[in-house]
$ cat model_29.csv   # CSV, C-alpha atoms
chain,number,residue,atom,x,y,z
A,1,MET,CA,25.6,-6.3,-7.9
A,2,ASP,CA,24.6,-6.1,-11.6
A,3,GLN,CA,21.3,-4.8,-12.7
A,4,PRO,CA,19.0,-7.8,-11.9
A,5,SER,CA,16.5,-9.4,-14.3
A,6,LEU,CA,14.1,-12.2,-13.6
A,7,ASP,CA,11.1,-14.0,-15.2
A,8,LEU,CA,7.9,-13.1,-13.3
A,9,ASN,CA,6.3,-16.3,-14.5
A,10,GLU,CA,8.6,-18.2,-12.1
A,11,TYR,CA,6.8,-16.4,-9.2
A,12,GLN,CA,3.2,-17.4,-10.1
A,13,TYR,CA,1.0,-20.0,-8.4
A,14,HIS,CA,-2.6,-20.9,-8.5
A,15,LEU,CA,-4.6,-19.1,-5.8
A,16,PRO,CA,-8.3,-20.3,-5.7
A,17,GLU,CA,-10.6,-17.3,-5.0
A,18,GLN,CA,-12.2,-19.1,-2.1
A,19,ARG,CA,-8.9,-19.2,-0.3
A,20,ILE,CA,-8.8,-15.4,-0.1
A,21,ALA,CA,-10.0,-14.4,3.4
A,22,GLN,CA,-12.8,-11.9,3.2
A,23,HIS,CA,-13.3,-11.5,7.0
A,24,PRO,CA,-11.0,-11.8,10.0
A,25,LEU,CA,-11.2,-14.7,12.4
A,26,LYS,CA,-13.1,-14.2,15.6
A,27,GLU,CA,-9.8,-14.1,17.6
A,28,ARG,CA,-6.7,-12.4,16.2
A,29,ASP,CA,-4.2,-14.9,17.4
A,30,GLY,CA,-6.3,-17.9,16.5
A,31,SER,CA,-5.0,-18.0,12.9
A,32,LYS,CA,-2.7,-20.8,11.6
A,33,LEU,CA,1.0,-20.3,11.7
A,34,LEU,CA,3.3,-22.0,9.2
A,35,ILE,CA,6.9,-22.2,10.5
A,36,PHE,CA,9.8,-22.6,8.0
A,37,ASN,CA,13.1,-23.4,9.7
A,38,GLN,CA,16.2,-25.3,8.5
A,39,GLY,CA,14.3,-26.3,5.4
A,40,GLU,CA,11.5,-27.9,7.4
A,41,ILE,CA,7.8,-26.9,7.6
A,42,HIS,CA,5.7,-27.1,10.7
A,43,HIS,CA,2.1,-26.0,11.4
A,44,GLN,CA,1.0,-24.4,14.6
A,45,LYS,CA,-1.3,-21.7,16.0
A,46,PHE,CA,-0.2,-18.1,15.9
A,47,ARG,CA,-0.7,-17.7,19.7
A,48,ASP,CA,2.1,-20.2,20.2
A,49,ILE,CA,4.6,-18.2,18.1
A,50,GLY,CA,6.8,-17.4,21.2
A,51,SER,CA,7.9,-21.1,21.4
A,52,PHE,CA,9.4,-20.9,17.9
A,53,LEU,CA,11.2,-17.5,17.9
A,54,PRO,CA,15.0,-17.4,18.1
A,55,ASN,CA,16.5,-16.9,21.5
A,56,PRO,CA,17.5,-14.1,22.0
A,57,CYS,CA,15.1,-12.2,19.7
A,58,THR,CA,13.9,-8.7,18.9
A,59,LEU,CA,10.6,-8.3,17.1
A,60,VAL,CA,10.4,-5.2,14.9
A,61,PHE,CA,6.9,-3.8,14.4
A,62,ASN,CA,5.5,-1.2,12.1
A,63,ASP,CA,3.2,1.0,14.3
A,64,THR,CA,1.6,2.9,11.4
A,65,LYS,CA,-2.2,3.5,11.7
A,66,VAL,CA,-4.5,3.1,8.7
A,67,ILE,CA,-6.5,6.3,7.9
A,68,PRO,CA,-10.0,6.2,6.5
A,69,ALA,CA,-8.7,7.2,3.1
A,70,ARG,CA,-11.7,6.5,0.9
A,71,LEU,CA,-14.1,9.4,0.3
A,72,PHE,CA,-17.4,9.0,-1.5
A,73,PHE,CA,-19.3,11.8,-3.1
A,74,LYS,CA,-22.8,11.5,-4.6
A,75,LYS,CA,-23.6,13.7,-7.6
A,76,GLU,CA,-27.1,15.1,-8.2
A,77,THR,CA,-27.4,12.5,-11.0
A,78,GLY,CA,-26.9,9.8,-8.4
A,79,ALA,CA,-23.4,8.8,-9.7
A,80,LEU,CA,-21.0,7.8,-7.0
A,81,ILE,CA,-17.5,9.2,-7.2
A,82,GLU,CA,-14.8,7.6,-5.1
A,83,ILE,CA,-11.6,9.6,-4.1
A,84,PHE,CA,-8.9,7.3,-2.7
A,85,LEU,CA,-6.3,9.4,-1.0
A,86,LEU,CA,-2.7,8.3,-1.8
A,87,ASN,CA,-0.2,11.0,-0.8
A,88,PRO,CA,-0.5,14.6,0.4
A,89,LEU,CA,0.9,17.4,-1.8
A,90,ILE,CA,-0.2,20.7,-0.4
A,91,PRO,CA,0.4,22.3,2.1
A,92,SER,CA,3.0,19.5,2.9
A,93,PRO,CA,4.0,16.1,1.6
A,94,ASP,CA,4.6,15.1,5.2
A,95,LEU,CA,1.7,12.9,6.3
A,96,GLN,CA,1.6,14.1,9.9
A,97,LEU,CA,1.5,17.7,8.9
A,98,ALA,CA,-1.0,17.1,6.2
A,99,LEU,CA,-3.4,15.4,8.6
A,100,GLN,CA,-3.2,18.4,11.0
A,101,THR,CA,-3.8,21.0,8.3
A,102,ARG,CA,-7.0,23.1,8.4
A,103,CYS,CA,-9.3,24.6,5.7
A,104,GLN,CA,-7.9,22.9,2.6
A,105,SER,CA,-5.5,20.2,1.4
A,106,THR,CA,-4.4,18.8,-1.9
A,107,TRP,CA,-3.7,15.1,-2.4
A,108,SER,CA,-2.6,12.7,-5.1
A,109,CYS,CA,-5.5,10.3,-5.5
A,110,MET,CA,-7.1,7.4,-7.4
A,111,ILE,CA,-10.5,8.4,-8.6
A,112,GLY,CA,-13.2,5.8,-9.1
A,113,ASN,CA,-15.9,6.5,-11.8
A,114,ARG,CA,-13.8,9.4,-13.0
A,115,LYS,CA,-15.6,9.6,-16.3
A,116,ARG,CA,-18.7,10.9,-14.4
A,117,TRP,CA,-16.8,13.7,-12.8
A,118,LYS,CA,-16.0,16.7,-15.1
A,119,PRO,CA,-12.9,18.7,-14.1
A,120,SER,CA,-15.0,21.9,-13.8
A,121,GLN,CA,-17.4,20.3,-11.4
A,122,LYS,CA,-17.2,20.6,-7.6
A,123,LEU,CA,-18.3,17.7,-5.5
A,124,LYS,CA,-20.0,18.4,-2.2
A,125,LEU,CA,-20.5,16.3,1.0
A,126,SER,CA,-22.5,17.4,4.0
A,127,LEU,CA,-21.4,16.0,7.4
A,128,GLU,CA,-21.9,16.5,11.1
A,129,ILE,CA,-18.9,16.5,13.4
A,130,ASN,CA,-19.5,17.1,17.2
A,131,GLU,CA,-22.9,18.5,16.5
A,132,ARG,CA,-21.5,21.0,14.0
A,133,SER,CA,-22.6,21.1,10.3
A,134,VAL,CA,-19.6,20.6,8.0
A,135,LEU,CA,-19.4,21.0,4.2
A,136,LEU,CA,-16.6,19.2,2.4
A,137,GLU,CA,-15.9,20.1,-1.3
A,138,ALA,CA,-13.6,18.4,-3.8
A,139,ARG,CA,-12.4,19.6,-7.2
A,140,GLN,CA,-9.9,18.2,-9.7
A,141,LEU,CA,-6.7,20.3,-10.2
A,142,ALA,CA,-4.9,17.9,-12.6
A,143,GLU,CA,-4.9,14.3,-13.4
A,144,ASP,CA,-4.9,12.3,-10.1
A,145,GLN,CA,-4.7,15.5,-8.0
A,146,VAL,CA,-7.7,16.7,-5.9
A,147,GLU,CA,-8.1,19.8,-3.8
A,148,LEU,CA,-10.3,19.4,-0.7
A,149,ARG,CA,-11.8,22.4,1.1
A,150,TRP,CA,-14.0,22.4,4.2
A,151,GLU,CA,-16.0,24.6,6.5
A,152,PRO,CA,-15.7,25.2,9.4
A,153,ALA,CA,-12.1,25.9,8.6
A,154,ASP,CA,-10.8,25.3,12.1
A,155,LEU,CA,-11.3,21.5,11.8
A,156,THR,CA,-8.2,19.4,11.0
A,157,PHE,CA,-8.2,17.2,8.0
A,158,ALA,CA,-7.8,14.2,10.3
A,159,GLU,CA,-11.1,15.2,11.9
A,160,ILE,CA,-12.7,15.4,8.5
A,161,LEU,CA,-11.5,12.0,7.5
A,162,GLU,CA,-12.6,10.3,10.8
A,163,SER,CA,-16.1,11.4,10.0
A,164,ALA,CA,-16.3,11.3,6.2
A,165,GLY,CA,-13.8,8.6,5.2
A,166,ARG,CA,-14.0,4.8,5.0
A,167,ILE,CA,-11.4,2.2,5.8
A,168,PRO,CA,-9.6,1.3,2.6
A,169,LEU,CA,-10.0,-2.5,2.5
A,170,PRO,CA,-7.8,-4.1,-0.3
A,171,PRO,CA,-9.4,-4.5,-3.7
A,172,TYR,CA,-9.5,-8.3,-3.4
A,173,MET,CA,-11.9,-8.0,-0.6
A,174,LYS,CA,-15.0,-7.6,-2.7
A,175,ARG,CA,-17.2,-6.1,-0.1
A,176,THR,CA,-18.1,-2.9,1.7
A,177,PRO,CA,-16.3,-2.2,4.9
A,178,ILE,CA,-18.3,-2.8,8.1
A,179,ASP,CA,-17.9,-1.7,11.7
A,180,GLU,CA,-15.8,-4.7,12.5
A,181,ASP,CA,-13.1,-3.5,10.0
A,182,LEU,CA,-12.6,-0.2,11.9
A,183,GLU,CA,-11.0,-2.3,14.7
A,184,ARG,CA,-9.7,-5.4,12.9
A,185,TYR,CA,-8.0,-3.7,10.0
A,186,GLN,CA,-5.7,-2.0,12.5
A,187,THR,CA,-3.0,-3.6,14.6
A,188,VAL,CA,-3.5,-3.3,18.4
A,189,TYR,CA,-0.3,-1.3,18.6
A,190,SER,CA,-1.0,1.2,15.8
A,191,GLN,CA,0.0,4.7,16.8
A,192,VAL,CA,1.0,7.0,13.9
A,193,LYS,CA,-1.7,7.9,11.4
A,194,GLY,CA,-0.8,7.8,7.7
A,195,ALA,CA,-1.2,4.3,6.1
A,196,VAL,CA,-3.7,3.5,3.4
A,197,ALA,CA,-3.2,-0.2,3.9
A,198,ALA,CA,-2.6,-2.2,7.1
A,199,PRO,CA,0.7,-3.9,7.9
A,200,THR,CA,-1.2,-7.2,8.0
A,201,ALA,CA,1.3,-9.5,9.7
A,202,GLY,CA,0.8,-7.4,12.8
A,203,LEU,CA,-3.0,-8.1,12.8
A,204,HIS,CA,-2.4,-11.4,14.5
A,205,PHE,CA,-0.9,-9.9,17.7
A,206,THR,CA,-3.0,-9.3,20.8
A,207,ASP,CA,-2.1,-7.3,23.9
A,208,PRO,CA,-2.0,-10.5,26.0
A,209,LEU,CA,0.3,-12.2,23.4
A,210,LEU,CA,2.6,-9.2,23.4
A,211,GLU,CA,2.8,-9.3,27.2
A,212,SER,CA,3.5,-13.1,27.1
A,213,LEU,CA,6.3,-12.6,24.6
A,214,GLY,CA,7.8,-9.9,26.9
A,215,THR,CA,7.8,-12.3,29.9
A,216,LYS,CA,9.7,-14.8,27.7
A,217,GLY,CA,12.4,-12.2,27.1
A,218,VAL,CA,11.4,-11.2,23.6
A,219,HIS,CA,12.4,-7.6,22.9
A,220,THR,CA,10.2,-5.3,20.8
A,221,GLU,CA,10.9,-2.3,18.7
A,222,TYR,CA,8.4,0.0,16.9
A,223,LEU,CA,9.3,1.8,13.7
A,224,THR,CA,6.9,3.5,11.3
A,225,LEU,CA,6.4,3.0,7.6
A,226,HIS,CA,3.2,4.5,6.2
A,227,VAL,CA,2.0,1.7,3.8
A,228,GLY,CA,0.9,3.0,0.4
A,229,ALA,CA,-1.7,1.7,-2.1
A,230,GLY,CA,1.3,0.7,-4.3
A,231,THR,CA,1.5,-2.5,-2.2
A,232,PHE,CA,-1.5,-3.8,-4.2
A,233,GLN,CA,-0.3,-2.6,-7.6
A,234,PRO,CA,0.2,-5.6,-9.9
A,235,ILE,CA,3.4,-6.0,-11.8
A,236,LYS,CA,2.6,-5.2,-15.5
A,237,SER,CA,6.2,-4.6,-16.8
A,238,SER,CA,7.8,-7.4,-18.8
A,239,LYS,CA,11.0,-6.6,-17.0
A,240,VAL,CA,10.3,-6.7,-13.3
A,241,GLN,CA,12.9,-4.0,-12.5
A,242,HIS,CA,10.8,-1.5,-14.5
A,243,HIS,CA,7.8,-1.9,-12.1
A,244,PRO,CA,7.2,1.5,-10.5
A,245,MET,CA,7.6,1.5,-6.7
A,246,HIS,CA,5.9,4.4,-5.0
A,247,GLY,CA,7.7,6.2,-2.2
A,248,GLU,CA,6.5,5.4,1.4
A,249,GLN,CA,7.4,7.6,4.3
A,250,MET,CA,9.4,6.2,7.2
A,251,ILE,CA,9.9,7.5,10.8
A,252,VAL,CA,12.8,6.1,12.9
A,253,SER,CA,14.0,7.3,16.3
A,254,LYS,CA,17.5,7.5,17.7
A,255,HIS,CA,16.4,5.0,20.3
A,256,ASN,CA,15.4,2.6,17.5
A,257,ILE,CA,18.9,2.8,16.0
A,258,GLU,CA,20.6,2.2,19.3
A,259,ALA,CA,18.3,-0.8,20.0
A,260,LEU,CA,19.0,-2.3,16.6
A,261,MET,CA,22.7,-2.0,17.2
A,262,GLN,CA,22.4,-4.2,20.3
A,263,ALA,CA,19.8,-6.6,19.0
A,264,LYS,CA,20.5,-10.3,18.3
A,265,ASN,CA,18.3,-12.1,15.8
A,266,LEU,CA,16.0,-9.4,14.4
A,267,VAL,CA,12.7,-10.7,13.3
A,268,ALA,CA,10.6,-8.3,11.1
A,269,VAL,CA,6.9,-8.4,11.7
A,270,GLY,CA,5.7,-7.9,8.2
A,271,THR,CA,7.2,-7.0,4.9
A,272,THR,CA,6.8,-3.3,5.7
A,273,SER,CA,9.0,-3.6,8.8
A,274,LEU,CA,11.6,-5.6,6.7
A,275,ARG,CA,11.6,-2.9,4.0
A,276,THR,CA,12.1,-0.2,6.7
A,277,LEU,CA,15.1,-2.1,8.2
A,278,GLU,CA,16.7,-2.8,4.8
A,279,SER,CA,16.2,0.9,3.8
A,280,LEU,CA,17.9,1.9,7.1
A,281,TYR,CA,20.8,-0.3,6.2
A,282,TRP,CA,21.2,1.4,2.8
A,283,TYR,CA,20.9,4.8,4.3
A,284,GLY,CA,23.8,3.9,6.5
A,285,VAL,CA,25.7,2.7,3.4
A,286,LYS,CA,25.1,6.1,1.7
A,287,LEU,CA,26.2,8.0,4.8
A,288,LYS,CA,29.3,5.9,5.2
A,289,ALA,CA,30.2,6.4,1.5
A,290,GLY,CA,29.8,10.1,1.8
A,291,LEU,CA,26.9,10.3,-0.7
A,292,GLY,CA,25.0,12.9,1.2
A,293,ASP,CA,22.4,12.7,4.0
A,294,ASP,CA,19.2,12.8,2.0
A,295,PHE,CA,17.2,9.9,3.5
A,296,PHE,CA,15.7,8.7,0.2
A,297,ILE,CA,16.2,5.1,-0.9
A,298,GLU,CA,15.8,4.6,-4.7
A,299,LYS,CA,14.1,1.4,-5.7
A,300,LEU,CA,17.2,-0.2,-7.3
A,301,LEU,CA,19.9,1.4,-5.1
A,302,PRO,CA,21.0,-1.9,-3.5
A,303,TYR,CA,21.7,-3.4,-6.9
A,304,GLN,CA,24.2,-0.7,-7.7
A,305,TYR,CA,26.7,-1.9,-5.1
A,306,HIS,CA,29.1,-4.8,-5.3
A,307,ASN,CA,31.8,-5.5,-2.7
A,308,HIS,CA,33.1,-4.1,0.6
A,309,LEU,CA,29.7,-3.3,2.0
A,310,PRO,CA,29.5,-2.7,5.8
A,311,SER,CA,27.7,-5.0,8.2
A,312,PHE,CA,24.2,-4.1,9.5
A,313,GLN,CA,25.8,-3.2,12.8
A,314,GLN,CA,28.3,-0.8,11.1
A,315,ALA,CA,25.5,0.8,9.1
A,316,MET,CA,23.6,1.5,12.3
A,317,GLU,CA,26.7,2.9,14.0
A,318,THR,CA,27.1,5.3,11.0
A,319,ILE,CA,23.5,6.5,11.4
A,320,GLN,CA,23.9,6.8,15.2
A,321,HIS,CA,27.0,9.0,14.8
A,322,TYR,CA,25.3,11.1,12.1
A,323,MET,CA,22.3,11.7,14.4
A,324,GLN,CA,24.5,12.5,17.3
A,325,ASP,CA,26.6,15.0,15.3
A,326,LYS,CA,23.4,16.7,13.9
A,327,GLY,CA,21.5,16.6,17.2
A,328,ILE,CA,18.7,14.6,15.6
A,329,GLU,CA,16.3,12.5,17.7
A,330,VAL,CA,14.0,11.4,14.9
A,331,LEU,CA,14.8,10.5,11.2
A,332,GLN,CA,12.1,10.9,8.5
A,333,GLY,CA,12.7,9.5,5.1
A,334,THR,CA,11.2,7.9,2.0
A,335,THR,CA,11.9,4.5,0.5
A,336,GLU,CA,11.1,3.0,-2.8
A,337,ILE,CA,13.3,-0.1,-2.2
A,338,PHE,CA,12.3,-3.0,-4.4
A,339,ILE,CA,13.4,-6.3,-2.9
A,340,PHE,CA,13.4,-9.3,-5.3
A,341,PRO,CA,15.8,-12.2,-6.1
A,342,PRO,CA,18.8,-12.1,-5.9
A,343,TYR,CA,18.6,-9.5,-3.2
A,344,GLN,CA,20.7,-10.3,-0.1
A,345,MET,CA,19.1,-9.5,3.2
A,346,ARG,CA,21.2,-7.3,5.5
A,347,SER,CA,19.1,-6.9,8.6
A,348,CYS,CA,16.8,-9.8,9.6
A,349,GLN,CA,17.1,-13.4,10.6
A,350,GLY,CA,13.4,-13.9,10.6
A,351,LEU,CA,10.2,-12.6,8.9
A,352,ILE,CA,6.6,-12.9,10.1
A,353,THR,CA,4.3,-12.4,7.1
A,354,ASN,CA,1.0,-13.4,5.6
A,355,PHE,CA,0.5,-15.2,2.3
A,356,HIS,CA,0.7,-12.9,-0.7
A,357,LEU,CA,-0.7,-12.7,-4.2
A,358,PRO,CA,1.0,-14.6,-7.0
A,359,GLY,CA,3.4,-12.5,-9.2
A,360,SER,CA,3.3,-9.6,-6.7
A,361,THR,CA,6.1,-7.5,-5.3
A,362,LEU,CA,5.5,-9.1,-1.9
A,363,ILE,CA,5.9,-12.7,-3.2
A,364,LEU,CA,9.2,-11.5,-4.8
A,365,LEU,CA,10.3,-10.2,-1.4
A,366,VAL,CA,9.5,-13.6,0.3
A,367,ALA,CA,11.4,-15.4,-2.5
A,368,ALA,CA,14.4,-13.2,-1.9
A,369,PHE,CA,14.2,-13.9,1.9
A,370,VAL,CA,13.9,-17.8,1.8
A,371,GLY,CA,15.0,-18.6,-1.8
A,372,ASP,CA,13.5,-21.4,-3.9
A,373,PRO,CA,11.7,-23.0,-0.9
A,374,TRP,CA,9.0,-20.3,-1.2
A,375,ARG,CA,7.2,-22.6,-3.6
A,376,GLU,CA,7.2,-25.5,-1.1
A,377,ILE,CA,6.0,-23.1,1.6
A,378,TYR,CA,3.0,-21.9,-0.5
A,379,ALA,CA,2.2,-25.3,-1.7
A,380,SER,CA,2.1,-26.5,1.9
A,381,ALA,CA,-0.1,-23.6,3.0
A,382,LEU,CA,-2.6,-24.4,0.2
A,383,GLU,CA,-2.6,-28.1,1.0
A,384,ASN,CA,-3.3,-27.4,4.7
A,385,ASP,CA,-6.3,-25.0,4.0
A,386,TYR,CA,-4.5,-21.8,5.0
A,387,ARG,CA,-6.4,-18.5,4.5
A,388,PHE,CA,-4.6,-16.1,2.2
A,389,LEU,CA,-3.9,-12.3,2.0
A,390,SER,CA,-4.7,-9.5,4.5
A,391,TYR,CA,-7.1,-11.2,6.8
A,392,GLY,CA,-5.5,-14.6,6.3
A,393,ASP,CA,-3.1,-16.8,8.2
A,394,ALA,CA,0.6,-16.2,8.9
A,395,SER,CA,4.0,-17.7,8.4
A,396,LEU,CA,7.3,-17.5,10.4
A,397,LEU,CA,10.2,-17.7,8.1
A,398,LEU,CA,13.6,-18.2,9.7
A,399,THR,CA,17.0,-18.2,8.1
A,400,PRO,CA,19.8,-20.6,9.2
A,401,LYS,CA,21.6,-17.9,11.2
A,402,SER,CA,18.6,-17.5,13.5
A,403,SER,CA,18.3,-21.2,14.4
$ encode --input "model_29.csv" --output "structure tokens"
Amino acid sequence: MDQPSLDLNEYQYHLPEQRIAQHPLKERDGSKLLIFNQGEIHHQKFRDIGSFLPNPCTLVFNDTKVIPARLFFKKETGALIEIFLLNPLIPSPDLQLALQTRCQSTWSCMIGNRKRWKPSQKLKLSLEINERSVLLEARQLAEDQVELRWEPADLTFAEILESAGRIPLPPYMKRTPIDEDLERYQTVYSQVKGAVAAPTAGLHFTDPLLESLGTKGVHTEYLTLHVGAGTFQPIKSSKVQHHPMHGEQMIVSKHNIEALMQAKNLVAVGTTSLRTLESLYWYGVKLKAGLGDDFFIEKLLPYQYHNHLPSFQQAMETIQHYMQDKGIEVLQGTTEIFIFPPYQMRSCQGLITNFHLPGSTLILLVAAFVGDPWREIYASALENDYRFLSYGDASLLLTPKSS
């Protein structure tokens, strides 16, 4: 495929501010569900989604867990400095290791009210954790890099965050997080800490709904992609392909690969699950082509390939054989994959997703998945009073192969 180019103006639409959901509904599965299938649009309730999924079907979930990644320090002058944690740097870029580190940790960050924080100044925050007095200090090392130190040093950084941090609601929710968000900005199946934004399509699922889907024969698989703040970054480049895509960490098990090989009609729960599956495919392509075993998917890698590409099944078999040969049970990788028209999906026949910002990387992904009808889908959602973005309503988008 040649280096793609497209006009971002074609992926804009008018989103009234009052349509952006600021709070979740009382019931997770009470949201509206727009179903797009065979070019037709239907409107249902999310709790009835099981009646509209392909049969057979495997739902692929992202079980990442949002960490309280926003830290606030108050200076003696009263100025409030926000440190929004993005990616760990020292002692390890691995999120799981970074959260278990003790004494100190260095992160790449976004800093709010930076002009009030001189590089030579230390910020201090006093806490109490399990009836122990804790002191957390922050200092700037370089632009966008912050070192955090704490006493007592035997506490893990995860413990520090649980006490000091706040849930990082998206910037378009112009409000302070409340207790409700601690539960509702997590999926009920979240397991692996590391995301700074929720995989929001999964917010609609409840334990009873998952149990009901299981009784209907719907299979489920859980992968991990730690969603980064880059998901909210607007596209500013005149050429879309120049937009920077920040790397996000993935964790996939050997069991996942074997299940994906056998699955019929994969349906990704959220754009993050879809990006993980597509990244897995391209990792299989790299392995099959003998291009090394570094599990890193560059943002424009898919657009460098032309013909004679393997099927999704063949790519998964290649990964399975690699893991068997190396005695690997769990793969950890990083993806920057950028999915936009004319990208051709390799993994999924269905996508469950919320409604996204105009001109965003996520609306481009939806357009790549369904093609031009994305405009009709979004127009229908607006006409039928759907709620948009993270706490909003959902869609089930099906390709002809899944019907």
$ atom_distance --input "model_29.csv" --atom1 "atom CA of A:Asn130" --atom2 "atom CA of A:Cys103"
17.1 Å
$ closest_residue --input "model_29.csv" --among "A:Phe388, A:Leu6, A:Thr58, A:Phe46" --to "A:Gly217" --atoms "all atoms listed in the file"
A:Thr58
$ closest_residue --input "model_29.csv" --among "A:Lys118, A:His356, A:Lys26, A:Arg346" --to "A:Leu274" --atoms "all atoms listed in the file"
A:Arg346
$ atom_distance --input "model_29.csv" --atom1 "atom CA of A:Thr318" --atom2 "atom CA of A:Leu365"
26.0 Å
$ closest_residue --input "model_29.csv" --among "A:Gly371, A:Pro234, A:Gly392, A:Gly228" --to "A:Thr335" --atoms "only C-alpha atoms"
A:Gly228
$ residues_around --input "model_29.csv" --residues "A:Pro199" --least-positions-apart "4" --cutoff "8 Å" --atoms "all atoms listed in the file" --output "PyMOL selection string"
chain A and resi 62+64+187+203+227+270-272
$ residues_around --input "model_29.csv" --residues "A:Gln22" --least-positions-apart "5" --cutoff "10 Å" --atoms "all atoms listed in the file" --output "count of residues only"
12
$ residues_around --input "model_29.csv" --residues "A:Pro341" --least-positions-apart "4" --cutoff "7 Å" --atoms "all atoms listed in the file" --output "list in words"
Leu364, Ala367 and Ala368 of chain A
$ closest_residue --input "model_29.csv" --among "A:Tyr322, A:Ser347, A:Leu15, A:Leu357" --to "A:Tyr281" --atoms "only C-alpha atoms"
A:Ser347
$ closest_residue --input "model_29.csv" --among "A:Tyr189, A:Phe36, A:Tyr222, A:Phe72" --to "A:Leu397" --atoms "only C-alpha atoms"
A:Phe36
$ closest_residue --input "model_29.csv" --among "A:Gln44, A:Ala69, A:Met323, A:Glu147" --to "A:Pro91" --atoms "only C-alpha atoms"
A:Glu147
$ residues_around --input "model_29.csv" --residues "A:Gln38" --least-positions-apart "3" --cutoff "9 Å" --atoms "only C-alpha atoms" --output "VMD selection string"
chain A and resid 41 398 to 400 403
$ atom_distance --input "model_29.csv" --atom1 "atom CA of A:Gln104" --atom2 "atom CA of A:Leu141"
13.1 Å
$ residues_around --input "model_29.csv" --residues "A:Glu383" --least-positions-apart "3" --cutoff "12 Å" --atoms "only C-alpha atoms" --output "list in words"
His14, Leu15, Pro16, Arg19, Leu34, His43, Glu376, Ile377, Tyr378, Ala379, Ser380, Tyr386 and Arg387 of chain A
$ residues_near_point --input "model_29.csv" --point "(8.5, -13.8, -9.5)" --cutoff "9 Å" --atoms "only C-alpha atoms" --output "list in words"
Leu6, Asp7, Leu8, Asn9, Glu10, Tyr11, Gln12, Val240, Phe340, Pro341, Pro358, Gly359, Ser360, Thr361, Ile363, Leu364 and Ala367 of chain A
$ decode --input "model_29.csv" --residues "stretch 7-20 of chain A" --atoms "N, CA and C atoms" --output "compact mmCIF listing (two decimals), in the first residue's frame"
# COMPACT_ATOMS: atom_id res chain seq x y z
N ASP A 7 -7.76 14.11 3.46
CA ASP A 7 -8.16 15.44 3.90
C ASP A 7 -8.94 15.30 5.20
N LEU A 8 -8.40 15.84 6.29
CA LEU A 8 -9.04 15.72 7.60
C LEU A 8 -10.40 16.42 7.61
N ASN A 9 -10.59 17.41 6.76
CA ASN A 9 -11.87 18.12 6.72
C ASN A 9 -13.03 17.19 6.39
N GLU A 10 -12.74 16.09 5.71
CA GLU A 10 -13.79 15.14 5.35
C GLU A 10 -14.25 14.31 6.55
N TYR A 11 -13.56 14.43 7.67
CA TYR A 11 -13.90 13.63 8.85
C TYR A 11 -14.30 14.51 10.02
N GLN A 12 -14.88 15.65 9.67
CA GLN A 12 -15.42 16.56 10.67
C GLN A 12 -16.94 16.45 10.67
N TYR A 13 -17.54 16.77 11.79
CA TYR A 13 -18.99 16.92 11.89
C TYR A 13 -19.27 17.86 13.05
N HIS A 14 -20.46 18.38 13.11
CA HIS A 14 -20.79 19.33 14.19
C HIS A 14 -21.29 18.55 15.41
N LEU A 15 -20.56 18.70 16.52
CA LEU A 15 -20.95 18.05 17.78
C LEU A 15 -21.33 19.13 18.79
N PRO A 16 -22.63 19.32 19.04
CA PRO A 16 -23.04 20.30 20.05
C PRO A 16 -22.49 19.93 21.43
N GLU A 17 -22.05 20.92 22.16
CA GLU A 17 -21.42 20.65 23.45
C GLU A 17 -22.36 19.93 24.40
N GLN A 18 -23.66 20.21 24.30
CA GLN A 18 -24.61 19.58 25.22
C GLN A 18 -24.78 18.09 24.96
N ARG A 19 -24.25 17.61 23.84
CA ARG A 19 -24.35 16.17 23.54
C ARG A 19 -23.20 15.38 24.13
N ILE A 20 -22.22 16.06 24.70
CA ILE A 20 -21.08 15.38 25.34
C ILE A 20 -21.50 14.98 26.75
